[in-house]
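Below: input.cif (mmCIF, C-alpha atoms)
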data_run
loop_
_atom_site.label_atom_id
_atom_site.label_comp_id
_atom_site.auth_asym_id
_atom_site.auth_seq_id
_atom_site.Cartn_x
_atom_site.Cartn_y
_atom_site.Cartn_z
CA MET A 1 -20.15 16.74 15.92
CA THR A 2 -22.69 14.68 17.80
CA ASP A 3 -25.38 16.33 15.70
CA VAL A 4 -23.95 14.85 12.51
CA LEU A 5 -23.81 11.28 13.71
CA GLU A 6 -26.26 9.28 11.65
CA ALA A 7 -26.88 5.83 10.31
CA ASP A 8 -25.42 5.52 6.86
CA PRO A 9 -27.71 3.33 4.72
CA ARG A 10 -24.76 2.26 2.58
CA THR A 11 -23.15 0.50 5.54
CA ALA A 12 -26.09 -0.79 7.54
CA GLU A 13 -26.09 -4.20 5.85
CA ARG A 14 -22.41 -4.74 6.62
CA ILE A 15 -22.78 -4.32 10.38
CA PRO A 16 -23.70 -7.30 12.58
CA ALA A 17 -27.42 -7.49 13.22
CA GLY A 18 -28.65 -6.40 16.62
CA GLY A 19 -25.74 -4.07 17.22
CA GLN A 20 -23.46 -6.86 18.43
CA PRO A 21 -19.76 -5.93 18.79
CA LEU A 22 -17.66 -7.17 15.90
CA LEU A 23 -14.64 -7.91 18.11
CA PRO A 24 -13.98 -8.15 21.84
CA PRO A 25 -11.88 -5.47 23.55
CA LEU A 26 -8.20 -5.49 22.59
CA ARG A 27 -5.82 -6.71 25.30
CA ILE A 28 -2.30 -5.30 25.25
CA GLY A 29 -0.65 -6.77 28.32
CA ARG A 30 -2.45 -5.33 31.35
CA HIS A 31 -4.33 -2.81 29.23
CA VAL A 32 -7.81 -3.50 27.93
CA ILE A 33 -8.73 -1.23 25.03
CA GLY A 34 -12.48 -0.94 24.53
CA SER A 35 -12.33 -0.55 20.74
CA PRO A 36 -9.70 -2.66 18.91
CA VAL A 37 -8.22 0.34 17.10
CA VAL A 38 -4.70 1.78 17.25
CA LEU A 39 -3.60 5.17 15.93
CA ALA A 40 -0.46 4.48 13.90
CA PRO A 41 2.62 6.53 14.79
CA MET A 42 3.22 9.11 12.05
CA ALA A 43 6.22 11.45 12.05
CA GLY A 44 5.18 15.07 12.45
CA ILE A 45 1.53 14.07 12.86
CA THR A 46 0.73 12.05 15.98
CA ASN A 47 1.96 14.55 18.52
CA ARG A 48 0.05 15.27 21.72
CA ALA A 49 -2.25 17.77 19.98
CA PHE A 50 -3.45 15.39 17.27
CA ARG A 51 -3.78 12.48 19.71
CA ARG A 52 -6.00 14.62 21.93
CA LEU A 53 -8.26 15.44 19.01
CA CYS A 54 -8.51 11.80 17.93
CA ARG A 55 -9.20 10.65 21.50
CA GLN A 56 -12.08 13.05 21.82
CA TYR A 57 -13.69 11.75 18.65
CA GLY A 58 -13.09 8.13 19.66
CA VAL A 59 -14.85 8.62 22.98
CA ARG A 60 -17.70 10.35 21.14
CA GLY A 61 -18.11 7.37 18.84
CA ALA A 62 -18.22 4.94 21.74
CA ALA A 63 -20.85 7.08 23.48
CA SER A 64 -22.99 7.26 20.34
CA ALA A 65 -22.94 3.46 20.10
CA GLY A 66 -23.67 3.04 23.79
CA VAL A 67 -20.30 1.50 24.58
CA ALA A 68 -18.92 1.75 28.10
CA ALA A 69 -15.27 1.42 29.03
CA ALA A 70 -14.14 -2.17 28.76
CA PRO A 71 -14.21 -4.21 31.99
CA GLY A 72 -10.77 -4.01 33.54
CA ASP A 73 -9.81 -1.10 31.29
CA ALA A 74 -6.59 0.43 32.57
CA SER A 75 -7.54 3.77 31.09
CA ALA A 76 -8.70 6.26 33.68
CA SER A 77 -10.05 8.51 30.94
CA GLY A 78 -12.19 5.79 29.37
CA ALA A 79 -10.36 6.18 26.05
CA THR A 80 -11.68 3.69 23.56
CA SER A 81 -8.59 3.18 21.38
CA LEU A 82 -4.80 3.17 21.70
CA TYR A 83 -3.15 6.38 20.51
CA VAL A 84 0.59 6.01 19.89
CA SER A 85 3.14 8.84 19.82
CA GLU A 86 5.16 9.61 16.75
CA MET A 87 8.43 7.69 16.44
CA ILE A 88 11.05 8.67 19.04
CA THR A 89 14.73 8.00 18.31
CA SER A 90 16.19 6.08 21.24
CA ARG A 91 19.56 7.83 21.05
CA ALA A 92 17.97 11.28 21.18
CA LEU A 93 15.79 10.19 24.09
CA VAL A 94 18.74 8.85 26.07
CA GLU A 95 20.49 12.17 25.44
CA ARG A 96 17.30 13.97 26.56
CA THR A 97 17.20 16.34 23.63
CA PRO A 98 14.51 19.02 24.15
CA GLU A 99 12.48 17.90 21.13
CA SER A 100 12.48 14.25 22.20
CA MET A 101 11.37 15.21 25.69
CA ARG A 102 8.56 17.26 24.17
CA LEU A 103 7.46 14.36 21.97
CA ILE A 104 7.08 11.95 24.89
CA GLU A 105 4.76 14.30 26.77
CA HIS A 106 1.19 13.17 27.35
CA ASP A 107 -1.97 14.90 28.47
CA PRO A 108 -2.86 14.30 32.14
CA ASP A 109 -5.88 12.23 31.10
CA GLU A 110 -4.13 10.33 28.32
CA SER A 111 -4.08 6.66 29.19
CA PRO A 112 -2.52 4.33 28.37
CA ARG A 113 0.45 6.58 27.62
CA SER A 114 1.88 5.00 24.49
CA ILE A 115 5.31 5.73 22.99
CA GLN A 116 6.96 4.31 19.89
CA LEU A 117 10.74 3.84 19.97
CA TYR A 118 13.16 3.49 17.08
CA SER A 119 16.62 2.02 17.60
CA VAL A 120 19.34 0.21 15.66
CA ASP A 121 21.13 -1.38 18.61
CA PRO A 122 19.96 -3.19 21.76
CA ALA A 123 22.01 -1.16 24.25
CA THR A 124 20.48 2.18 23.28
CA ALA A 125 17.03 0.61 22.98
CA ARG A 126 17.40 -0.78 26.48
CA ALA A 127 18.58 2.53 27.91
CA ALA A 128 15.67 4.40 26.34
CA ALA A 129 13.14 1.85 27.55
CA ARG A 130 14.63 1.89 31.05
CA MET A 131 14.28 5.66 31.15
CA LEU A 132 10.62 5.50 30.10
CA VAL A 133 9.82 2.76 32.57
CA THR A 134 11.75 3.80 35.67
CA GLU A 135 10.73 7.46 35.32
CA ASP A 136 7.10 6.45 34.78
CA ARG A 137 6.80 8.14 31.39
CA ALA A 138 4.94 5.39 29.50
CA ASP A 139 2.36 2.64 30.02
CA HIS A 140 3.05 0.98 26.66
CA ILE A 141 6.06 0.87 24.34
CA ASP A 142 5.85 0.09 20.63
CA LEU A 143 8.97 -0.73 18.62
CA ASN A 144 9.31 0.58 15.07
CA PHE A 145 10.41 -2.00 12.52
CA GLY A 146 8.30 -0.64 9.70
CA CYS A 147 9.60 2.78 8.69
CA PRO A 148 10.61 2.76 4.97
CA VAL A 149 12.21 6.23 4.92
CA PRO A 150 15.74 6.15 3.39
CA LYS A 151 17.41 8.04 6.26
CA VAL A 152 16.17 5.28 8.58
CA THR A 153 16.74 2.17 6.45
CA ARG A 154 20.16 3.41 5.31
CA LYS A 155 21.29 2.95 8.93
CA GLY A 156 19.81 -0.54 9.09
CA GLY A 157 16.76 0.65 11.03
CA GLY A 158 13.00 0.52 10.57
CA SER A 159 11.85 -1.99 7.97
CA ALA A 160 15.45 -2.96 7.15
CA LEU A 161 16.29 -4.20 10.64
CA PRO A 162 14.32 -7.50 10.88
CA TRP A 163 16.55 -8.85 8.08
CA LYS A 164 19.23 -9.22 10.75
CA LYS A 165 17.57 -11.88 12.87
CA ASP A 166 19.82 -11.81 15.93
CA LEU A 167 19.85 -8.01 16.08
CA PHE A 168 16.05 -7.88 15.86
CA ARG A 169 15.67 -10.43 18.63
CA ALA A 170 18.23 -8.65 20.84
CA ILE A 171 16.47 -5.28 20.56
CA VAL A 172 13.03 -6.73 21.21
CA GLY A 173 14.25 -8.83 24.12
CA ALA A 174 16.06 -5.91 25.75
CA VAL A 175 13.02 -3.64 25.65
CA VAL A 176 10.63 -6.37 26.82
CA GLU A 177 12.93 -7.06 29.75
CA GLU A 178 12.97 -3.38 30.74
CA GLY A 179 9.22 -3.08 30.34
CA ALA A 180 8.69 -6.02 32.66
CA ARG A 181 10.21 -4.01 35.52
CA ARG A 182 6.96 -2.01 35.83
CA ASP A 183 4.55 -4.18 33.85
CA VAL A 184 4.82 -1.99 30.73
CA PRO A 185 3.85 -4.13 27.72
CA VAL A 186 5.88 -3.94 24.51
CA THR A 187 4.54 -4.38 20.98
CA VAL A 188 6.20 -4.37 17.56
CA LYS A 189 5.06 -2.84 14.29
CA MET A 190 6.65 -4.11 11.08
CA ARG A 191 6.29 -4.43 7.32
CA LYS A 192 6.33 -7.59 5.22
CA GLY A 193 10.02 -7.14 4.54
CA ILE A 194 12.50 -5.17 2.50
CA ASP A 195 11.05 -6.27 -0.85
CA ASP A 196 9.29 -9.32 -2.25
CA GLU A 197 12.59 -11.23 -2.40
CA HIS A 198 13.49 -10.40 1.19
CA LEU A 199 10.41 -11.02 3.34
CA THR A 200 10.88 -11.07 7.10
CA PHE A 201 7.49 -10.69 8.76
CA LEU A 202 6.75 -14.31 9.70
CA ASP A 203 10.06 -15.21 11.32
CA ALA A 204 10.35 -11.76 12.94
CA ALA A 205 6.85 -12.02 14.41
CA LEU A 206 7.58 -15.48 15.79
CA ALA A 207 10.82 -14.21 17.32
CA ALA A 208 9.00 -11.27 18.87
CA GLU A 209 6.33 -13.60 20.24
CA GLN A 210 9.03 -15.78 21.80
CA GLU A 211 10.70 -12.72 23.33
CA GLY A 212 7.47 -11.79 25.10
CA VAL A 213 5.82 -8.99 23.17
CA ALA A 214 2.16 -8.25 23.90
CA ALA A 215 1.05 -7.84 20.26
CA VAL A 216 2.36 -7.73 16.70
CA ALA A 217 1.17 -5.26 14.04
CA LEU A 218 1.78 -5.75 10.33
CA HIS A 219 1.58 -3.16 7.56
CA GLY A 220 0.86 -5.25 4.49
CA ARG A 221 3.51 -3.62 2.29
CA THR A 222 7.25 -4.04 1.83
CA ALA A 223 9.71 -1.21 2.39
CA SER A 224 10.29 -0.98 -1.36
CA GLN A 225 6.60 -0.29 -1.92
CA SER A 226 6.65 2.64 0.49
CA TYR A 227 2.94 3.60 0.43
CA SER A 228 2.31 2.70 -3.21
CA GLY A 229 0.15 -0.05 -4.59
CA THR A 230 -2.23 -2.06 -2.47
CA ALA A 231 -1.67 -3.43 1.01
CA ASP A 232 -1.42 -7.21 1.11
CA TRP A 233 -4.13 -8.25 3.55
CA GLU A 234 -3.43 -11.90 2.77
CA ALA A 235 -0.09 -11.45 4.57
CA ILE A 236 -1.99 -10.24 7.63
CA ARG A 237 -4.23 -13.31 7.44
CA LEU A 238 -1.16 -15.56 7.23
CA LEU A 239 0.44 -13.81 10.19
CA LYS A 240 -2.72 -14.28 12.26
CA GLN A 241 -2.58 -18.01 11.50
CA THR A 242 1.10 -18.11 12.47
CA VAL A 243 1.14 -16.05 15.67
CA THR A 244 -1.36 -17.53 18.10
CA SER A 245 -0.52 -16.42 21.64
CA VAL A 246 -0.77 -12.62 21.27
CA PRO A 247 -3.03 -10.27 19.27
CA VAL A 248 -2.21 -9.63 15.62
CA LEU A 249 -3.12 -6.18 14.30
CA GLY A 250 -3.58 -5.28 10.65
CA ASN A 251 -2.47 -2.07 8.99
CA GLY A 252 -2.73 -0.71 5.46
CA ASP A 253 -5.45 0.80 3.26
CA ILE A 254 -7.99 1.50 6.00
CA TRP A 255 -9.67 4.64 4.68
CA SER A 256 -13.04 4.11 6.35
CA ALA A 257 -14.74 2.16 9.11
CA GLU A 258 -16.03 -0.21 6.43
CA ASP A 259 -12.44 -0.95 5.35
CA ALA A 260 -11.58 -1.82 8.97
CA VAL A 261 -14.56 -4.16 9.26
CA ARG A 262 -13.64 -5.80 5.95
CA MET A 263 -10.00 -6.27 7.04
CA VAL A 264 -11.09 -8.03 10.22
CA ARG A 265 -13.46 -10.31 8.34
CA GLU A 266 -10.96 -11.17 5.61
CA THR A 267 -7.89 -11.67 7.80
CA GLY A 268 -9.21 -12.63 11.23
CA CYS A 269 -6.94 -10.00 12.83
CA ASP A 270 -7.63 -8.93 16.41
CA GLY A 271 -7.65 -5.22 15.69
CA VAL A 272 -6.60 -2.56 13.22
CA VAL A 273 -3.91 0.11 13.06
CA VAL A 274 -5.01 3.28 11.27
CA GLY A 275 -2.56 5.78 9.81
CA ARG A 276 -3.13 7.96 6.75
CA GLY A 277 -6.87 7.33 6.77
CA CYS A 278 -7.35 9.73 9.69
CA LEU A 279 -5.33 12.60 8.19
CA GLY A 280 -7.61 15.62 8.26
CA ARG A 281 -10.34 13.34 9.53
CA PRO A 282 -10.00 12.66 13.27
CA TRP A 283 -13.68 11.73 13.34
CA LEU A 284 -12.68 8.45 11.68
CA PHE A 285 -12.18 7.28 15.28
CA THR A 286 -15.85 8.03 15.92
CA ASP A 287 -16.77 5.87 12.94
CA LEU A 288 -14.41 3.07 13.97
CA ALA A 289 -15.69 2.94 17.55
CA SER A 290 -19.25 2.82 16.23
CA ALA A 291 -18.50 0.17 13.60
CA PHE A 292 -16.73 -2.19 15.98
CA ALA A 293 -19.58 -1.74 18.46
CA GLY A 294 -21.96 -2.97 15.77
CA SER A 295 -23.52 0.41 15.00
CA PRO A 296 -24.12 1.91 11.52
CA VAL A 297 -23.65 5.43 12.93
CA ARG A 298 -21.20 7.54 10.91
CA VAL A 299 -19.99 11.14 10.92
CA THR A 300 -20.86 13.27 7.89
CA PRO A 301 -19.76 16.78 8.88
CA SER A 302 -20.60 19.98 7.06
CA LEU A 303 -17.79 22.26 5.92
CA GLY A 304 -18.42 24.45 8.97
CA GLU A 305 -17.94 21.52 11.31
CA VAL A 306 -14.77 20.51 9.50
CA ALA A 307 -13.50 24.08 9.82
CA ASP A 308 -14.21 23.94 13.57
CA ALA A 309 -12.20 20.73 13.88
CA LEU A 310 -9.31 22.24 11.92
CA ARG A 311 -9.36 25.33 14.13
CA LEU A 312 -9.41 23.23 17.32
CA HIS A 313 -6.46 21.24 15.99
CA ALA A 314 -4.54 24.52 15.54
CA VAL A 315 -5.39 25.58 19.10
CA TYR A 316 -4.14 22.27 20.47
CA LEU A 317 -0.94 22.64 18.45
CA THR A 318 -0.46 26.11 19.93
CA GLU A 319 -0.71 24.62 23.42
CA PHE A 320 1.67 21.81 22.45
CA TYR A 321 4.38 24.06 20.99
CA GLY A 322 3.74 27.03 23.28
CA GLU A 323 4.11 29.17 20.18
CA GLU A 324 1.32 30.25 17.84
CA GLY A 325 3.57 30.77 14.83
CA ARG A 326 5.01 27.27 14.95
CA ALA A 327 1.55 25.79 15.46
CA CYS A 328 0.25 27.59 12.38
CA ARG A 329 3.18 26.41 10.30
CA ASP A 330 2.39 22.88 11.43
CA ILE A 331 -1.34 23.07 10.67
CA ARG A 332 -0.60 24.08 7.07
CA LYS A 333 0.18 20.52 6.04
CA HIS A 334 -3.21 19.38 7.33
CA ILE A 335 -5.26 21.92 5.32
CA ALA A 336 -5.66 19.88 2.12
CA TRP A 337 -6.57 16.77 4.11
CA TYR A 338 -9.31 18.55 6.06
CA LEU A 339 -10.77 20.22 2.97
CA LYS A 340 -10.59 17.21 0.65
CA GLY A 341 -13.71 17.08 -1.52
CA PHE A 342 -15.21 20.33 -0.26
CA PRO A 343 -15.85 23.37 -2.52
CA ALA A 344 -13.39 25.66 -0.76
CA GLY A 345 -11.82 27.30 -3.82
CA SER A 346 -8.16 27.39 -4.85
CA THR A 347 -7.58 30.95 -3.58
CA VAL A 348 -8.78 30.13 -0.07
CA ARG A 349 -6.87 26.86 -0.04
CA HIS A 350 -3.68 28.63 -1.08
CA SER A 351 -4.13 31.31 1.59
CA LEU A 352 -4.81 28.72 4.27
CA ALA A 353 -1.59 26.95 3.29
CA LEU A 354 0.28 30.14 4.21
CA VAL A 355 -1.54 30.93 7.46
CA ASP A 356 0.71 32.39 10.17
CA SER A 357 -1.60 33.18 13.09
CA LEU A 358 -4.84 31.99 14.65
CA ALA A 359 -6.38 35.37 13.79
CA SER A 360 -5.59 34.94 10.10
CA LEU A 361 -6.83 31.36 10.27
CA ASP A 362 -10.13 32.59 11.72
CA THR A 363 -10.47 35.19 8.97
CA LEU A 364 -9.92 32.65 6.22
CA LEU A 365 -12.20 30.04 7.76
CA SER A 366 -14.97 32.60 8.12
CA GLY A 367 -15.01 32.90 4.33
CA LEU A 368 -15.97 29.25 3.85
CA ASP A 369 -19.53 28.17 3.16
CA ARG A 370 -20.25 26.60 6.54
CA ASP A 371 -23.46 25.02 5.27
CA ALA A 372 -21.74 23.06 2.49
CA PRO A 373 -22.67 19.42 3.15
CA TRP A 374 -20.36 16.46 3.43
CA PRO A 375 -19.32 15.73 -0.19
CA GLY A 376 -19.46 11.96 0.19
CA GLU A 377 -17.23 9.96 -2.11
CA ALA A 378 -15.14 13.02 -3.06
CA ALA A 379 -13.94 13.25 0.54
CA GLU A 380 -13.34 9.53 0.95
CA GLY A 381 -10.53 7.24 -0.10
CA GLN A 382 -6.77 7.64 -0.01
CA ARG A 383 -5.16 10.47 1.90
CA GLY A 384 -1.49 11.42 1.95
CA ARG A 385 1.13 10.67 -0.67
CA ALA A 386 1.34 7.17 -2.06
CA GLY A 387 4.69 7.57 -3.79
CA SER A 388 6.01 4.84 -6.06
CA PRO A 389 8.02 1.63 -5.64
CA ARG A 390 11.76 2.16 -5.18
CA SER A 391 14.99 0.50 -4.23
CA VAL A 392 15.49 0.52 -0.49
CA ALA A 393 18.50 2.41 0.86
CA LEU A 394 20.49 -0.07 2.96
CA PRO A 395 23.87 -0.28 4.67
CA ASP A 396 26.64 -1.62 2.47
CA ARG A 397 26.32 -5.37 1.80
CA TRP A 398 23.31 -5.57 4.15
CA LEU A 399 21.53 -8.27 2.16
CA GLU A 400 24.51 -10.62 1.85
CA SER A 401 23.66 -12.36 5.11
CA ARG A 402 20.95 -12.38 7.75
CA GLU A 403 23.70 -12.31 10.35
CA LEU A 404 25.58 -9.18 11.40
CA SER A 405 28.86 -8.49 9.68
CA PRO A 406 31.97 -7.97 11.84
CA GLU A 407 31.86 -4.26 10.95
CA HIS A 408 28.29 -3.89 12.13
CA GLN A 409 29.06 -5.86 15.27
CA ARG A 410 31.77 -3.31 16.03
CA VAL A 411 29.30 -0.45 15.56
CA ILE A 412 26.89 -2.07 18.02
CA ALA A 413 29.68 -2.71 20.52
CA GLU A 414 30.66 0.95 20.31
CA ALA A 415 27.04 1.96 20.93
CA GLU A 416 26.96 -0.21 24.02
CA LEU A 417 30.14 1.38 25.35
CA SER A 418 28.74 4.82 24.61
CA VAL A 419 25.49 4.17 26.51
CA SER A 420 27.26 2.53 29.45
CA GLY A 421 29.80 5.34 29.62
CA GLY A 422 32.69 2.94 29.00
#

What does the file become when written as structure tokens?
Amino acid sequence: MTDVLEADPRTAERIPAGGQPLLPPLRIGRHVIGSPVVLAPMAGITNRAFRRLCRQYGVRGAASAGVAAAPGDASASGATSLYVSEMITSRALVERTPESMRLIEHDPDESPRSIQLYSVDPATARAAARMLVTEDRADHIDLNFGCPVPKVTRKGGGSALPWKKDLFRAIVGAVVEEGARRDVPVTVKMRKGIDDEHLTFLDAALAAEQEGVAAVALHGRTASQSYSGTADWEAIRLLKQTVTSVPVLGNGDIWSAEDAVRMVRETGCDGVVVGRGCLGRPWLFTDLASAFAGSPVRVTPSLGEVADALRLHAVYLTEFYGEEGRACRDIRKHIAWYLKGFPAGSTVRHSLALVDSLASLDTLLSGLDRDAPWPGEAAEGQRGRAGSPRSVALPDRWLESRELSPEHQRVIAEAELSVSGG
């Protein structure tokens, strides 16, 4: 899409004059990331295929803005941003389930190789981290303390876990210790807390900083909000003022490069984490690389160019799964995101949502008006489901104390025996 890179007059005034970079490169331990942008882990989305697509657009954006790889960049491929895997369950990884082993695969030129782990006990978290580190399967580990999904929080995991202060610190400390064996930095991603009455982000971030993490990322919502409402960027600003020795990254409601620039200016954060904003729009990484390099260049693809990106995504999924049928079933959920705002027609959209082969995908895409221009505002804004506020599913009596109950201590002890083979 290099032919659709252009200066957008609506954004030119918001970019630093003279094309000066808005932020310095992002340092995550030994890694220097040229553009301070992180692809947020998203279940069923940020597999190797989607990461490859996003990387290609990110490099393209850096090239369009005249940005070279950052001095001291650990990335052999010159990747401009950090692209994190979808969440991997530590227990499944330790057990080497086929799907978990597939999910931790990286392209040969993917660097730094970044993996997000989810765990509810320090022993399993340690075992999973040790496997990744000693078997040279990762260059960076992110820990998930932000997932609001009931099946995760009901077990005391994700965004529920930082409520238990000692457990949070034990998990973070164990993984940092394992990462240090091979200089693999560890970061944490969290939410503000369980709900507005049970906020955890400040004390959890300070604990993580003390345990030696390389960066802290905050999604400015509580678990009870899920993805509804508006992200609280003021919380990100407060966190940046509180955590001073490592980078603080902001996440939530970044739908465009201009949103990312505004977040940095309003909060002072050291970089941004982008999730739903790139759904069906991997070229957002082109825009982000350009914006942070101080360039007004933006991607405004035609429908034909969007169709080409969608098709390439399906090809990459086929390579990832090794099975065309499964790849086509996977690409279905991306269709509406790619076509948002375009005049594709309900019949074609419905047929695309049932596609079962690359041949049928090609046939349907050939029926689109390839010359249809970028629809502008109709294609912008929120992507993915917002949902609505809800009560958070938690273990029994979870909120009674910030310390572990005797019952939960027994569960963790059993997990440790299980991992150690005792």

What residues come out when you apply the PyMOL selection byres ((chain A and resi 389) around 9) to this file, written as a list in words?
Ala223, Ser224, Gln225, Ser226, Tyr227, Ser228, Gly229, Gly387, Ser388, Arg390 and Ser391 of chain A

Just give me the gap between atom CA of A:Cys328 and atom CA of A:Gly275 in Å, one decimal is fine.
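Computing the Euclidean distance for atom CA of A:Cys328 and atom CA of A:Gly275 yields 22.1 Å.
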
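By chain and then residue number, the residues within 7 Å of A:Arg154 are Pro150, Ala393, Leu394 and Pro395 of chain A, counting all atoms listed in the file and disregarding those fewer than 4 positions away in sequence.
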
Matched chain/residue IDs from the PyMOL selection byres ((chain A and resi 185) around 7), as a ChimeraX atom specification
/A:28-29,140-141,179,183-184,186-187,213-214

Using the chain letters and numbering of this document, enumerate as a list of chain:residue names the residues selected by the PyMOL selection byres ((chain A and resi 88) around 6).
A:Met87, A:Thr89, A:Leu117, A:Tyr118

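Note that atom CA of A:Glu305 and atom CA of A:Ser366 are 11.9 Å apart.
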
Can you pull stretch 107-114 of chain A out of that block with all heavy atoms and hand it back as a PDB file, in the first residue's frame?
ATOM      1  N   ASP A 107       7.887 -16.468  13.402  1.00  0.00           N
ATOM      2  CA  ASP A 107       8.553 -16.476  12.107  1.00  0.00           C
ATOM      3  C   ASP A 107      10.056 -16.381  12.317  1.00  0.00           C
ATOM      4  O   ASP A 107      10.514 -15.799  13.319  1.00  0.00           O
ATOM      5  CB  ASP A 107       8.090 -15.283  11.262  1.00  0.00           C
ATOM      6  CG  ASP A 107       6.717 -15.490  10.658  1.00  0.00           C
ATOM      7  OD1 ASP A 107       6.276 -16.654  10.559  1.00  0.00           O
ATOM      8  OD2 ASP A 107       6.076 -14.489  10.280  1.00  0.00           O
ATOM      9  N   PRO A 108      10.848 -16.899  11.383  1.00  0.00           N
ATOM     10  CA  PRO A 108      12.312 -16.833  11.533  1.00  0.00           C
ATOM     11  C   PRO A 108      12.840 -15.406  11.687  1.00  0.00           C
ATOM     12  O   PRO A 108      13.841 -15.182  12.370  1.00  0.00           O
ATOM     13  CB  PRO A 108      12.818 -17.476  10.231  1.00  0.00           C
ATOM     14  CG  PRO A 108      11.715 -18.392   9.808  1.00  0.00           C
ATOM     15  CD  PRO A 108      10.451 -17.684  10.193  1.00  0.00           C
ATOM     16  N   ASP A 109      12.162 -14.442  11.055  1.00  0.00           N
ATOM     17  CA  ASP A 109      12.640 -13.060  11.128  1.00  0.00           C
ATOM     18  C   ASP A 109      11.898 -12.225  12.160  1.00  0.00           C
ATOM     19  O   ASP A 109      12.024 -11.009  12.192  1.00  0.00           O
ATOM     20  CB  ASP A 109      12.524 -12.389   9.749  1.00  0.00           C
ATOM     21  CG  ASP A 109      11.080 -12.235   9.292  1.00  0.00           C
ATOM     22  OD1 ASP A 109      10.198 -12.913   9.874  1.00  0.00           O
ATOM     23  OD2 ASP A 109      10.834 -11.458   8.355  1.00  0.00           O
ATOM     24  N   GLU A 110      11.127 -12.875  13.022  1.00  0.00           N
ATOM     25  CA  GLU A 110      10.348 -12.154  14.023  1.00  0.00           C
ATOM     26  C   GLU A 110      11.204 -11.907  15.260  1.00  0.00           C
ATOM     27  O   GLU A 110      11.597 -12.843  15.961  1.00  0.00           O
ATOM     28  CB  GLU A 110       9.095 -12.950  14.399  1.00  0.00           C
ATOM     29  CG  GLU A 110       8.109 -12.179  15.244  1.00  0.00           C
ATOM     30  CD  GLU A 110       6.780 -12.902  15.405  1.00  0.00           C
ATOM     31  OE1 GLU A 110       6.588 -13.970  14.787  1.00  0.00           O
ATOM     32  OE2 GLU A 110       5.927 -12.387  16.158  1.00  0.00           O
ATOM     33  N   SER A 111      11.485 -10.648  15.523  1.00  0.00           N
ATOM     34  CA  SER A 111      12.358 -10.317  16.635  1.00  0.00           C
ATOM     35  C   SER A 111      12.053  -8.906  17.127  1.00  0.00           C
ATOM     36  O   SER A 111      11.849  -8.012  16.297  1.00  0.00           O
ATOM     37  CB  SER A 111      13.822 -10.389  16.183  1.00  0.00           C
ATOM     38  OG  SER A 111      14.701 -10.010  17.206  1.00  0.00           O
ATOM     39  N   PRO A 112      11.958  -8.735  18.426  1.00  0.00           N
ATOM     40  CA  PRO A 112      12.051  -9.733  19.490  1.00  0.00           C
ATOM     41  C   PRO A 112      10.843 -10.687  19.482  1.00  0.00           C
ATOM     42  O   PRO A 112       9.731 -10.266  19.179  1.00  0.00           O
ATOM     43  CB  PRO A 112      12.043  -8.893  20.763  1.00  0.00           C
ATOM     44  CG  PRO A 112      12.375  -7.495  20.341  1.00  0.00           C
ATOM     45  CD  PRO A 112      11.825  -7.363  18.977  1.00  0.00           C
ATOM     46  N   ARG A 113      11.106 -11.939  19.813  1.00  0.00           N
ATOM     47  CA  ARG A 113      10.024 -12.922  19.921  1.00  0.00           C
ATOM     48  C   ARG A 113       9.331 -12.704  21.265  1.00  0.00           C
ATOM     49  O   ARG A 113       9.927 -12.912  22.308  1.00  0.00           O
ATOM     50  CB  ARG A 113      10.595 -14.340  19.835  1.00  0.00           C
ATOM     51  CG  ARG A 113      11.288 -14.653  18.502  1.00  0.00           C
ATOM     52  CD  ARG A 113      12.132 -15.919  18.619  1.00  0.00           C
ATOM     53  NE  ARG A 113      13.166 -15.754  19.641  1.00  0.00           N
ATOM     54  CZ  ARG A 113      13.877 -16.764  20.132  1.00  0.00           C
ATOM     55  NH1 ARG A 113      13.663 -18.002  19.741  1.00  0.00           N
ATOM     56  NH2 ARG A 113      14.808 -16.529  21.056  1.00  0.00           N
ATOM     57  N   SER A 114       8.086 -12.282  21.197  1.00  0.00           N
ATOM     58  CA  SER A 114       7.373 -11.845  22.397  1.00  0.00           C
ATOM     59  C   SER A 114       6.199 -12.767  22.698  1.00  0.00           C
ATOM     60  O   SER A 114       5.374 -13.034  21.820  1.00  0.00           O
ATOM     61  CB  SER A 114       6.872 -10.413  22.191  1.00  0.00           C
ATOM     62  OG  SER A 114       6.197  -9.938  23.319  1.00  0.00           O
TER      63      SER A 114
END
